[in-house]
>>> print(open('data22.tsv').read())   # TSV, C-alpha atoms (C1' of nucleotides)
chain	number	residue	atom	x	y	z
A	139	MET	CA	14.20	-30.33	20.65
A	140	THR	CA	10.64	-31.21	21.58
A	141	PRO	CA	8.14	-29.01	19.78
A	142	LYS	CA	5.62	-27.67	22.26
A	143	THR	CA	2.57	-27.72	20.08
A	144	SER	CA	3.87	-30.58	17.98
A	145	GLY	CA	4.30	-27.99	15.29
A	146	LYS	CA	0.63	-27.95	14.38
A	147	TYR	CA	-1.72	-25.01	14.54
A	148	THR	CA	-5.38	-24.38	14.03
A	149	ILE	CA	-6.13	-21.33	11.97
A	150	LYS	CA	-6.89	-19.25	15.01
A	151	GLN	CA	-3.74	-20.29	16.81
A	152	LEU	CA	-1.50	-19.41	13.94
A	153	ALA	CA	-3.38	-16.21	13.37
A	154	GLU	CA	-3.02	-15.04	16.95
A	155	GLU	CA	0.57	-16.09	17.16
A	156	CYS	CA	1.41	-14.10	14.08
A	157	GLY	CA	-0.74	-11.09	14.75
A	158	VAL	CA	-3.18	-11.47	11.90
A	159	THR	CA	-6.80	-12.59	11.59
A	160	ALA	CA	-8.11	-15.93	10.40
A	161	ARG	CA	-9.70	-14.12	7.50
A	162	THR	CA	-6.29	-12.93	6.46
A	163	LEU	CA	-4.93	-16.46	6.45
A	164	ARG	CA	-7.81	-17.66	4.32
A	165	HIS	CA	-7.26	-14.74	2.03
A	166	TYR	CA	-3.61	-15.61	1.59
A	167	GLU	CA	-4.68	-19.12	0.81
A	168	ASP	CA	-7.12	-17.88	-1.80
A	169	GLN	CA	-4.24	-16.00	-3.36
A	170	GLY	CA	-2.20	-19.16	-3.40
A	171	LEU	CA	0.37	-17.98	-0.90
A	172	ILE	CA	-0.08	-20.82	1.57
A	173	SER	CA	-1.74	-24.21	1.33
A	174	PRO	CA	-2.16	-25.76	4.74
A	175	GLU	CA	-2.98	-29.41	5.18
A	176	ARG	CA	-6.63	-30.30	5.17
A	177	ARG	CA	-8.00	-32.64	7.80
A	178	GLY	CA	-11.41	-33.09	6.29
A	179	GLN	CA	-12.82	-29.61	6.07
A	180	HIS	CA	-10.47	-28.02	8.55
A	181	ARG	CA	-7.08	-26.49	8.03
A	182	ILE	CA	-3.96	-27.56	9.83
A	183	TYR	CA	-0.89	-25.38	9.68
A	184	HIS	CA	2.62	-26.65	10.23
A	185	GLN	CA	5.95	-24.99	10.78
A	186	GLN	CA	6.52	-24.69	7.05
A	187	ASP	CA	3.33	-22.71	6.75
A	188	LYS	CA	4.37	-20.51	9.60
A	189	ILE	CA	7.70	-19.88	7.98
A	190	ARG	CA	6.06	-18.99	4.71
A	191	LEU	CA	3.71	-16.73	6.58
A	192	SER	CA	6.55	-14.91	8.25
A	193	TRP	CA	7.96	-14.38	4.80
A	194	ILE	CA	4.71	-12.98	3.56
A	195	LEU	CA	4.41	-10.63	6.50
A	196	ARG	CA	7.94	-9.39	6.11
A	197	GLY	CA	7.26	-8.91	2.44
A	198	LYS	CA	4.23	-6.83	3.24
A	199	HIS	CA	6.18	-4.88	5.80
A	200	VAL	CA	8.69	-3.84	3.19
A	201	GLY	CA	5.92	-2.84	0.83
A	202	PHE	CA	5.37	-5.76	-1.52
A	203	SER	CA	1.90	-6.56	-2.76
A	204	LEU	CA	0.51	-10.02	-2.23
A	205	SER	CA	0.94	-10.90	-5.88
A	206	GLU	CA	4.53	-9.74	-5.81
A	207	ILE	CA	5.13	-11.88	-2.77
A	208	GLY	CA	3.51	-14.75	-4.56
A	209	GLU	CA	5.84	-14.35	-7.48
A	210	MET	CA	8.83	-14.21	-5.24
A	211	LEU	CA	7.84	-17.35	-3.44
A	212	ASP	CA	7.28	-18.94	-6.82
A	213	LEU	CA	10.79	-18.06	-7.84
A	214	TYR	CA	11.97	-20.70	-5.45
A	215	ASN	CA	9.40	-23.21	-6.56
A	216	LEU	CA	10.35	-23.75	-10.16
A	217	PRO	CA	9.52	-27.30	-11.32
A	218	ASP	CA	13.14	-28.15	-10.70
A	219	GLY	CA	15.68	-28.09	-13.45
A	220	ARG	CA	13.96	-25.42	-15.44
A	221	VAL	CA	17.33	-24.16	-16.45
A	222	GLN	CA	15.88	-22.19	-19.27
A	223	GLN	CA	14.05	-19.90	-16.92
A	224	ARG	CA	16.91	-19.56	-14.55
A	225	ALA	CA	18.29	-16.46	-16.23
A	226	THR	CA	15.02	-14.59	-16.09
A	227	THR	CA	14.53	-15.65	-12.50
A	228	LEU	CA	17.94	-14.31	-11.69
A	229	ASP	CA	17.03	-11.09	-13.43
A	230	ARG	CA	13.87	-10.60	-11.49
A	231	CYS	CA	15.65	-11.38	-8.29
A	232	ARG	CA	18.24	-8.74	-8.95
A	233	THR	CA	15.66	-6.20	-9.96
A	234	ARG	CA	13.91	-6.83	-6.68
A	235	VAL	CA	17.14	-6.36	-4.81
A	236	ASN	CA	17.80	-3.08	-6.56
A	237	ASP	CA	14.33	-1.83	-5.76
A	238	LEU	CA	14.87	-2.73	-2.16
A	239	LYS	CA	18.16	-0.91	-2.04
A	240	SER	CA	16.63	2.18	-3.54
A	241	GLN	CA	13.90	1.94	-0.95
A	242	ARG	CA	16.47	1.58	1.77
A	243	ASP	CA	18.17	4.71	0.57
A	244	ASP	CA	14.96	6.64	0.83
A	245	ILE	CA	14.29	5.21	4.24
A	246	ASN	CA	17.68	6.36	5.35
A	247	THR	CA	17.25	9.89	4.10
A	248	THR	CA	13.82	10.02	5.67
A	249	ILE	CA	15.23	8.83	8.96
A	250	ASN	CA	17.92	11.44	8.75
A	251	GLU	CA	15.50	14.23	8.08
A	252	LEU	CA	13.18	13.16	10.85
A	253	GLU	CA	16.00	12.84	13.31
A	254	GLY	CA	17.26	16.21	12.21
A	255	PHE	CA	13.86	17.65	12.90
A	256	CYS	CA	13.76	15.94	16.28
A	257	ASP	CA	17.00	17.63	17.18
A	258	LEU	CA	15.62	20.90	15.97
A	259	LEU	CA	12.59	20.43	18.17
A	260	GLY	CA	14.88	19.66	21.04
A	261	SER	CA	16.66	22.95	20.67
A	262	LEU	CA	13.51	24.85	21.53
A	263	LYS	CA	13.71	27.58	18.90
A	264	ARG	CA	11.55	27.55	15.81
A	265	SER	CA	10.75	29.94	13.04
A	266	SER	CA	7.24	30.04	11.66
A	267	ASP	CA	7.98	29.41	8.04
A	268	GLY	CA	7.11	25.78	7.91
A	269	THR	CA	9.10	25.03	4.83
A	270	HIS	CA	12.67	25.96	5.60
A	271	TRP	CA	13.16	22.71	7.44
A	272	ILE	CA	12.97	20.65	4.33
A	273	ASN	CA	16.40	19.33	3.73
A	274	GLN	CA	17.56	20.89	0.52
A	275	ASN	CA	19.88	18.01	-0.27
A	276	THR	CA	16.64	16.33	-1.10
A	277	GLN	CA	16.91	17.87	-4.53
A	278	LYS	CA	18.77	15.26	-6.47
A	279	PRO	CA	17.42	14.75	-10.01
A	280	LEU	CA	14.27	13.44	-8.35
A	281	LYS	CA	13.97	10.01	-9.82
A	282	ALA	CA	10.54	8.83	-10.80
A	283	TYR	CA	9.62	5.82	-8.74
A	284	SER	CA	8.04	2.98	-10.58
A	285	PRO	CA	4.51	2.27	-9.39
A	286	ARG	CA	3.50	-0.51	-7.06
B	172	MET	CA	22.07	30.63	-10.42
B	173	THR	CA	19.51	31.46	-13.07
B	174	PRO	CA	16.48	29.22	-12.79
B	175	LYS	CA	15.64	27.88	-16.24
B	176	THR	CA	11.88	27.84	-15.93
B	177	SER	CA	11.90	30.69	-13.44
B	178	GLY	CA	10.90	28.10	-10.88
B	179	LYS	CA	7.30	27.98	-12.05
B	180	TYR	CA	5.48	24.97	-13.41
B	181	THR	CA	2.15	24.24	-14.93
B	182	ILE	CA	0.51	21.15	-13.56
B	183	LYS	CA	1.56	19.08	-16.52
B	184	GLN	CA	5.14	20.22	-16.40
B	185	LEU	CA	5.55	19.37	-12.77
B	186	ALA	CA	3.76	16.12	-13.26
B	187	GLU	CA	6.01	14.98	-16.08
B	188	GLU	CA	9.12	16.16	-14.38
B	189	CYS	CA	8.25	14.14	-11.31
B	190	GLY	CA	6.88	11.08	-13.00
B	191	VAL	CA	3.29	11.38	-11.89
B	192	THR	CA	0.04	12.40	-13.56
B	193	ALA	CA	-1.82	15.66	-13.26
B	194	ARG	CA	-4.64	13.78	-11.66
B	195	THR	CA	-2.29	12.68	-8.95
B	196	LEU	CA	-1.26	16.24	-8.23
B	197	ARG	CA	-4.86	17.34	-7.98
B	198	HIS	CA	-5.54	14.40	-5.74
B	199	TYR	CA	-2.73	15.37	-3.43
B	200	GLU	CA	-4.14	18.84	-3.36
B	201	ASP	CA	-7.56	17.48	-2.45
B	202	GLN	CA	-5.91	15.67	0.42
B	203	GLY	CA	-4.30	18.89	1.52
B	204	LEU	CA	-0.78	17.82	0.81
B	205	ILE	CA	0.08	20.68	-1.54
B	206	SER	CA	-1.57	24.00	-2.25
B	207	PRO	CA	-0.14	25.58	-5.36
B	208	GLU	CA	-0.71	29.21	-6.21
B	209	ARG	CA	-3.84	29.98	-8.18
B	210	ARG	CA	-3.63	32.27	-11.15
B	211	GLY	CA	-7.32	32.65	-11.74
B	212	GLN	CA	-8.56	29.16	-12.34
B	213	HIS	CA	-5.19	27.61	-13.08
B	214	ARG	CA	-2.56	26.21	-10.79
B	215	ILE	CA	1.01	27.40	-10.66
B	216	TYR	CA	3.59	25.30	-8.86
B	217	HIS	CA	6.80	26.68	-7.45
B	218	GLN	CA	9.96	25.13	-6.12
B	219	GLN	CA	8.46	24.80	-2.67
B	220	ASP	CA	5.68	22.73	-4.12
B	221	LYS	CA	8.14	20.59	-5.98
B	222	ILE	CA	10.10	20.05	-2.81
B	223	ARG	CA	7.00	19.07	-0.91
B	224	LEU	CA	6.09	16.76	-3.75
B	225	SER	CA	9.44	15.06	-3.63
B	226	TRP	CA	8.82	14.52	0.05
B	227	ILE	CA	5.46	13.01	-0.64
B	228	LEU	CA	6.87	10.69	-3.27
B	229	ARG	CA	9.67	9.55	-1.07
B	230	GLY	CA	7.17	8.99	1.69
B	231	LYS	CA	5.09	6.85	-0.59
B	232	HIS	CA	8.16	4.99	-1.71
B	233	VAL	CA	8.94	3.99	1.83
B	234	GLY	CA	5.38	2.86	2.38
B	235	PHE	CA	3.56	5.73	4.05
B	236	SER	CA	-0.05	6.41	3.24
B	237	LEU	CA	-1.07	9.84	2.05
B	238	SER	CA	-2.66	10.68	5.37
B	239	GLU	CA	0.46	9.64	7.22
B	240	ILE	CA	2.49	11.84	4.96
B	241	GLY	CA	0.07	14.63	5.58
B	242	GLU	CA	0.51	14.27	9.29
B	243	MET	CA	4.25	14.28	8.98
B	244	LEU	CA	4.23	17.40	6.89
B	245	ASP	CA	1.91	18.95	9.43
B	246	LEU	CA	4.38	18.19	12.16
B	247	TYR	CA	6.53	20.91	10.71
B	248	ASN	CA	3.69	23.31	10.24
B	249	LEU	CA	2.60	23.87	13.80
B	250	PRO	CA	1.10	27.35	14.32
B	251	ASP	CA	4.49	28.38	15.66
B	252	GLY	CA	5.20	28.41	19.32
B	253	ARG	CA	2.80	25.63	20.17
B	254	VAL	CA	5.19	24.47	22.79
B	255	GLN	CA	2.53	22.43	24.45
B	256	GLN	CA	2.30	20.07	21.50
B	257	ARG	CA	6.00	19.85	20.99
B	258	ALA	CA	6.40	16.81	23.20
B	259	THR	CA	3.76	14.83	21.39
B	260	THR	CA	5.21	15.89	18.06
B	261	LEU	CA	8.57	14.67	19.18
B	262	ASP	CA	6.99	11.40	20.25
B	263	ARG	CA	5.36	10.81	16.94
B	264	CYS	CA	8.51	11.68	15.13
B	265	ARG	CA	10.47	9.14	17.09
B	266	THR	CA	7.83	6.49	16.63
B	267	ARG	CA	8.05	7.07	12.90
B	268	VAL	CA	11.79	6.75	13.03
B	269	ASN	CA	11.55	3.48	14.90
B	270	ASP	CA	9.07	2.12	12.40
B	271	LEU	CA	11.40	3.06	9.62
B	272	LYS	CA	14.31	1.36	11.27
B	273	SER	CA	12.33	-1.80	11.77
B	274	GLN	CA	11.40	-1.64	8.14
B	275	ARG	CA	14.97	-1.15	7.17
B	276	ASP	CA	15.90	-4.24	9.14
B	277	ASP	CA	13.36	-6.28	7.23
B	278	ILE	CA	14.55	-4.85	3.97
B	279	ASN	CA	18.06	-5.85	4.84
B	280	THR	CA	17.16	-9.41	5.71
B	281	THR	CA	15.09	-9.65	2.56
B	282	ILE	CA	17.99	-8.36	0.50
B	283	ASN	CA	20.26	-10.88	2.12
B	284	GLU	CA	17.95	-13.77	1.44
B	285	LEU	CA	17.40	-12.74	-2.15
B	286	GLU	CA	21.08	-12.28	-2.76
B	287	GLY	CA	21.72	-15.61	-1.15
B	288	PHE	CA	19.24	-17.16	-3.50
B	289	CYS	CA	20.85	-15.43	-6.45
B	290	ASP	CA	24.16	-16.98	-5.49
B	291	LEU	CA	22.49	-20.32	-5.17
B	292	LEU	CA	21.06	-19.92	-8.64
B	293	GLY	CA	24.46	-19.01	-9.90
B	294	SER	CA	25.94	-22.24	-8.62
B	295	LEU	CA	23.85	-24.24	-11.04
B	296	LYS	CA	22.75	-26.99	-8.70
B	297	ARG	CA	19.30	-27.07	-7.15
B	298	SER	CA	17.26	-29.51	-5.14
B	299	SER	CA	13.54	-29.77	-5.82
B	300	ASP	CA	12.21	-29.18	-2.35
B	301	GLY	CA	11.18	-25.61	-2.73
B	302	THR	CA	11.18	-24.80	0.93
B	303	HIS	CA	14.65	-25.55	2.21
B	304	TRP	CA	15.93	-22.28	0.91
B	305	ILE	CA	13.96	-20.26	3.39
B	306	ASN	CA	16.48	-18.80	5.72
B	307	GLN	CA	15.79	-20.37	9.07
B	308	ASN	CA	17.23	-17.45	10.94
B	309	THR	CA	13.98	-15.87	9.92
B	310	GLN	CA	12.44	-17.44	12.98
B	311	LYS	CA	12.89	-14.83	15.59
B	312	PRO	CA	9.87	-14.38	17.85
B	313	LEU	CA	8.05	-13.15	14.74
B	314	LYS	CA	6.93	-9.73	15.78
B	315	ALA	CA	3.45	-8.72	14.79
B	316	TYR	CA	3.67	-5.72	12.52
B	317	SER	CA	1.26	-2.94	13.21
B	318	PRO	CA	-1.13	-2.38	10.35
B	319	ARG	CA	-0.85	0.35	7.74
C	222	DT	C1'	-10.32	34.82	-35.15
C	223	DA	C1'	-10.28	29.86	-35.45
C	224	DC	C1'	-8.35	25.67	-33.91
C	225	DA	C1'	-5.34	22.63	-31.52
C	226	DT	C1'	-3.56	22.26	-26.62
C	227	DA	C1'	-3.93	22.28	-21.93
C	228	DA	C1'	-6.52	23.19	-17.69
C	229	DT	C1'	-10.68	22.85	-14.54
C	230	DT	C1'	-14.40	20.59	-11.91
C	231	DA	C1'	-17.51	16.74	-11.14
C	232	DA	C1'	-18.37	12.26	-10.70
C	233	DC	C1'	-18.32	7.41	-11.51
C	234	DG	C1'	-14.98	3.20	-12.07
C	235	DT	C1'	-11.18	0.12	-10.42
C	236	DT	C1'	-7.98	-2.69	-7.71
C	237	DA	C1'	-6.05	-4.53	-3.54
C	238	DA	C1'	-6.52	-6.37	0.87
C	239	DC	C1'	-9.01	-7.58	3.81
C	240	DG	C1'	-13.70	-6.68	7.10
C	241	DT	C1'	-18.04	-8.29	8.09
C	242	DA	C1'	-22.16	-10.80	8.07
C	243	DA	C1'	-24.96	-14.85	6.87
C	244	DA	C1'	-25.80	-19.65	7.13
C	245	DC	C1'	-24.26	-23.90	8.40
C	246	DG	C1'	-21.24	-28.09	10.39
C	247	DT	C1'	-18.65	-30.14	14.71
C	248	DC	C1'	-17.26	-31.37	18.97
C	249	DA	C1'	-16.55	-31.09	24.04
C	250	DA	C1'	-18.73	-29.68	28.40
C	251	DG	C1'	-22.51	-29.13	31.44
D	56	DC	C1'	-29.19	-32.37	24.07
D	57	DT	C1'	-28.31	-27.81	23.98
D	58	DT	C1'	-25.01	-24.27	24.37
D	59	DG	C1'	-20.60	-22.30	23.28
D	60	DA	C1'	-16.43	-21.89	20.90
D	61	DC	C1'	-14.39	-22.52	16.70
D	62	DG	C1'	-14.32	-23.86	11.80
D	63	DT	C1'	-16.15	-23.60	6.79
D	64	DT	C1'	-17.85	-21.30	2.46
D	65	DT	C1'	-20.10	-17.55	0.05
D	66	DA	C1'	-20.62	-13.06	-0.88
D	67	DC	C1'	-21.27	-8.32	-0.33
D	68	DG	C1'	-19.00	-3.98	1.98
D	69	DT	C1'	-15.04	-0.73	2.67
D	70	DT	C1'	-10.99	2.21	2.13
D	71	DA	C1'	-7.14	4.15	-0.34
D	72	DA	C1'	-5.23	6.03	-4.33
D	73	DC	C1'	-5.78	7.21	-8.14
D	74	DG	C1'	-7.84	6.17	-13.46
D	75	DT	C1'	-11.11	7.58	-16.65
D	76	DT	C1'	-14.61	9.86	-18.96
D	77	DA	C1'	-17.43	14.05	-19.60
D	78	DA	C1'	-18.59	18.58	-20.08
D	79	DT	C1'	-16.61	23.14	-20.07
D	80	DT	C1'	-13.25	26.87	-20.19
D	81	DA	C1'	-9.05	29.28	-21.18
D	82	DT	C1'	-4.44	29.91	-23.73
D	83	DG	C1'	-1.34	30.20	-27.36
D	84	DT	C1'	-0.33	30.37	-32.05
D	85	DA	C1'	-1.00	30.41	-37.09
>>> encode(input="data22.tsv", output="structure tokens")
Amino acid sequence: MTPKTSGKYTIKQLAEECGVTARTLRHYEDQGLISPERRGQHRIYHQQDKIRLSWILRGKHVGFSLSEIGEMLDLYNLPDGRVQQRATTLDRCRTRVNDLKSQRDDINTTINELEGFCDLLGSLKRSSDGTHWINQNTQKPLKAYSPR
Amino acid sequence: MTPKTSGKYTIKQLAEECGVTARTLRHYEDQGLISPERRGQHRIYHQQDKIRLSWILRGKHVGFSLSEIGEMLDLYNLPDGRVQQRATTLDRCRTRVNDLKSQRDDINTTINELEGFCDLLGSLKRSSDGTHWINQNTQKPLKAYSPR
DNA sequence: TACATAATTAACGTTAACGTAAACGTCAAG
DNA sequence: CTTGACGTTTACGTTAACGTTAATTATGTA
């Protein structure tokens, strides 16, 4: 119930705690992803900022670009009541979700192939081809991924 | 049973069929990711190349860099019988798999949050805060992702 | 054989996401 | 009052993954 650090962080503290550099935090600020409080010249980060940051990092971890992350965060920040844009927001959200699911599929097949190869390695015997291992079920129509 | 194009492709054909540019294919070749046959000056791609390419593209889609992909492909191309390196190969493979699983976790939580937000959008009513929506269960220890 | 179509190499350009260095302010401790 | 330790802005540097000419060489077809 009692916040240890009173929920405030200097840039370095937050950076260390989240495994990034101060430069990175400033960069995210430049890109409009976070806007910490300003005590004079200095920055003060609160829990909200940390939460946003964790979002950003997770976004990066799943492959989003900073601008994409920015857009996604913006989705939630509509001026309030902008009903008109709600439909398009919903659209973009769903597109995102579909992309993520497609990505998850590929992650799963990659995991499967790698684990398969691990097993193969475990069972000592190998040929010398170097291509046979490629899982042939890989050959679905081979969708063209949209660029990042 | 009868391969339409006899399993051979010019650079442009393969490129189009896989949704990339010729430049990209040459680039991958420069990076040592594919080495198509050479008929004189020109390149000829076969099924094996296409399969490797699909691997590369899937790798990219899940967030690997070209050099990482190269390493992974190399894992399968050991000089044959290099038993000594097998353990380390196995290690790297498993590390990869763990990374992928961690990524998948993040993808799943992101999907959940986005879908949650979609639902919220569907139920017409919104507050104007712009931060409340962030799923608080996000606040696990906040692991520091290793860089790409 | 001429001309439109692709292919090749070489090399410079571009964007994203920071790294890194310079130059300077601030505050507590010795 | 000077030395760290940390903070700030400004700005140039770096790497990855191609894009984009440019200049040149086949290839295929009318």
>>> residues_around(input="data22.tsv", residues="DT84 in chain D", least_positions_apart="5", cutoff="12 Å", atoms="only C-alpha atoms (C1' of nucleotides)", output="mmCIF file with C-alpha atoms (C1' of nucleotides), in the frame of the given file")
data_model
loop_
_atom_site.group_PDB
_atom_site.id
_atom_site.type_symbol
_atom_site.label_atom_id
_atom_site.label_comp_id
_atom_site.auth_asym_id
_atom_site.auth_seq_id
_atom_site.Cartn_x
_atom_site.Cartn_y
_atom_site.Cartn_z
ATOM 1 C "C1'" DT C 222 -10.320 34.820 -35.150
ATOM 2 C "C1'" DA C 223 -10.280 29.860 -35.450
ATOM 3 C "C1'" DC C 224 -8.350 25.670 -33.910
ATOM 4 C "C1'" DA C 225 -5.340 22.630 -31.520
ATOM 5 C "C1'" DT C 226 -3.560 22.260 -26.620
#
>>> residues_around(input="data22.tsv", residues="range 229-244 of chain C", least_positions_apart="6", cutoff="8 Å", atoms="all atoms listed in the file", output="list in words")
Arg161, Thr162 and His165 of chain A; Gln212 and His213 of chain B; DG68, DT69, DG74, DT75 and DT80 of chain D
>>> write_last_selection(input="data22.tsv", atoms="C-alpha atoms (C1' of nucleotides)", output="short mmCIF file (atom, residue, chain, number, x, y, z; two decimals), in the frame of the given file")
data_model
loop_
_atom_site.label_atom_id
_atom_site.label_comp_id
_atom_site.auth_asym_id
_atom_site.auth_seq_id
_atom_site.Cartn_x
_atom_site.Cartn_y
_atom_site.Cartn_z
CA ARG A 161 -9.70 -14.12 7.50
CA THR A 162 -6.29 -12.93 6.46
CA HIS A 165 -7.26 -14.74 2.03
CA GLN B 212 -8.56 29.16 -12.34
CA HIS B 213 -5.19 27.61 -13.08
"C1'" DG D 68 -19.00 -3.98 1.98
"C1'" DT D 69 -15.04 -0.73 2.67
"C1'" DG D 74 -7.84 6.17 -13.46
"C1'" DT D 75 -11.11 7.58 -16.65
"C1'" DT D 80 -13.25 26.87 -20.19
#
>>> interface_residues(input="data22.tsv", of="chain D", to="chain B", cutoff="9 Å", atoms="only C-alpha atoms (C1' of nucleotides)", output="ChimeraX atom specification")
/D:71-74,81
>>> closest_atom_pairs(input="data22.tsv", of="chain A", to="chain B", cutoff="7 Å", atoms="all atoms listed in the file", output="tab-separated table")
residue	atom	partner	partner_atom	distance
A:Cys156	CA	B:Ala315	CA	5.8
A:Gly157	CA	B:Ala315	CA	4.8
A:Ser192	CA	B:Leu313	CA	6.9
A:Arg196	CA	B:Asp277	CA	6.3
A:His199	CA	B:Gln274	CA	6.6
A:Val200	CA	B:Ile278	CA	6.0
A:Gly201	CA	B:Gly234	CA	5.9
A:Tyr214	CA	B:Gly301	CA	5.7
A:Asn215	CA	B:Gly301	CA	4.9
A:Asp218	CA	B:Ser299	CA	5.2
A:Leu228	CA	B:Cys289	CA	6.1
A:Cys231	CA	B:Leu285	CA	6.5
A:Val235	CA	B:Ile282	CA	5.7
A:Leu238	CA	B:Ile278	CA	6.5
A:Gln241	CA	B:Val233	CA	6.0
A:Arg242	CA	B:Arg275	CA	6.2
A:Asp244	CA	B:Arg229	CA	6.3
A:Ile245	CA	B:Val233	CA	6.0
A:Ile249	CA	B:Val268	CA	5.7
A:Leu252	CA	B:Cys264	CA	6.5
A:Cys256	CA	B:Leu261	CA	6.1
A:Ser265	CA	B:Asp251	CA	7.0
A:Ser266	CA	B:Asp251	CA	5.1
A:Gly268	CA	B:Asn248	CA	4.8
A:Leu280	CA	B:Cys189	CA	6.7
A:Ala282	CA	B:Gly190	CA	4.8
>>> atom_distance(input="data22.tsv", atom1="CA of Gln202 in chain B", atom2="CA of His217 in chain B")
18.6 Å
>>> atom_distance(input="data22.tsv", atom1="CA of Glu167 in chain A", atom2="CA of Leu152 in chain A")
13.5 Å
>>> atom_distance(input="data22.tsv", atom1="CA of Tyr216 in chain B", atom2="CA of Thr181 in chain B")
6.3 Å
>>> residues_around(input="data22.tsv", residues="DG59 in chain D", least_positions_apart="5", cutoff="12 Å", atoms="all atoms listed in the file", output="compact mmCIF listing (two decimals) with C-alpha atoms (C1' of nucleotides), in the frame of the given file")
# COMPACT_ATOMS: atom_id res chain seq x y z
C1' DT C 247 -18.65 -30.14 14.71
C1' DC C 248 -17.26 -31.37 18.97
C1' DA C 249 -16.55 -31.09 24.04
C1' DA C 250 -18.73 -29.68 28.40
C1' DG C 251 -22.51 -29.13 31.44
>>> residues_near_point(input="data22.tsv", point="(-15.0, -20.3, 14.4)", cutoff="10 Å", atoms="all atoms listed in the file", output="PDB file with C-alpha atoms (C1' of nucleotides), in the frame of the given file")
ATOM      1  CA  ILE A 149      -6.130 -21.330  11.970  1.00  0.00           C
ATOM      2  CA  LYS A 150      -6.890 -19.250  15.010  1.00  0.00           C
ATOM      3  CA  ALA A 160      -8.110 -15.930  10.400  1.00  0.00           C
TER       4      ALA A 160
ATOM      5  C1'  DA D  60     -16.430 -21.890  20.900  1.00  0.00           C
ATOM      6  C1'  DC D  61     -14.390 -22.520  16.700  1.00  0.00           C
ATOM      7  C1'  DG D  62     -14.320 -23.860  11.800  1.00  0.00           C
ATOM      8  C1'  DT D  63     -16.150 -23.600   6.790  1.00  0.00           C
TER       9       DT D  63
END
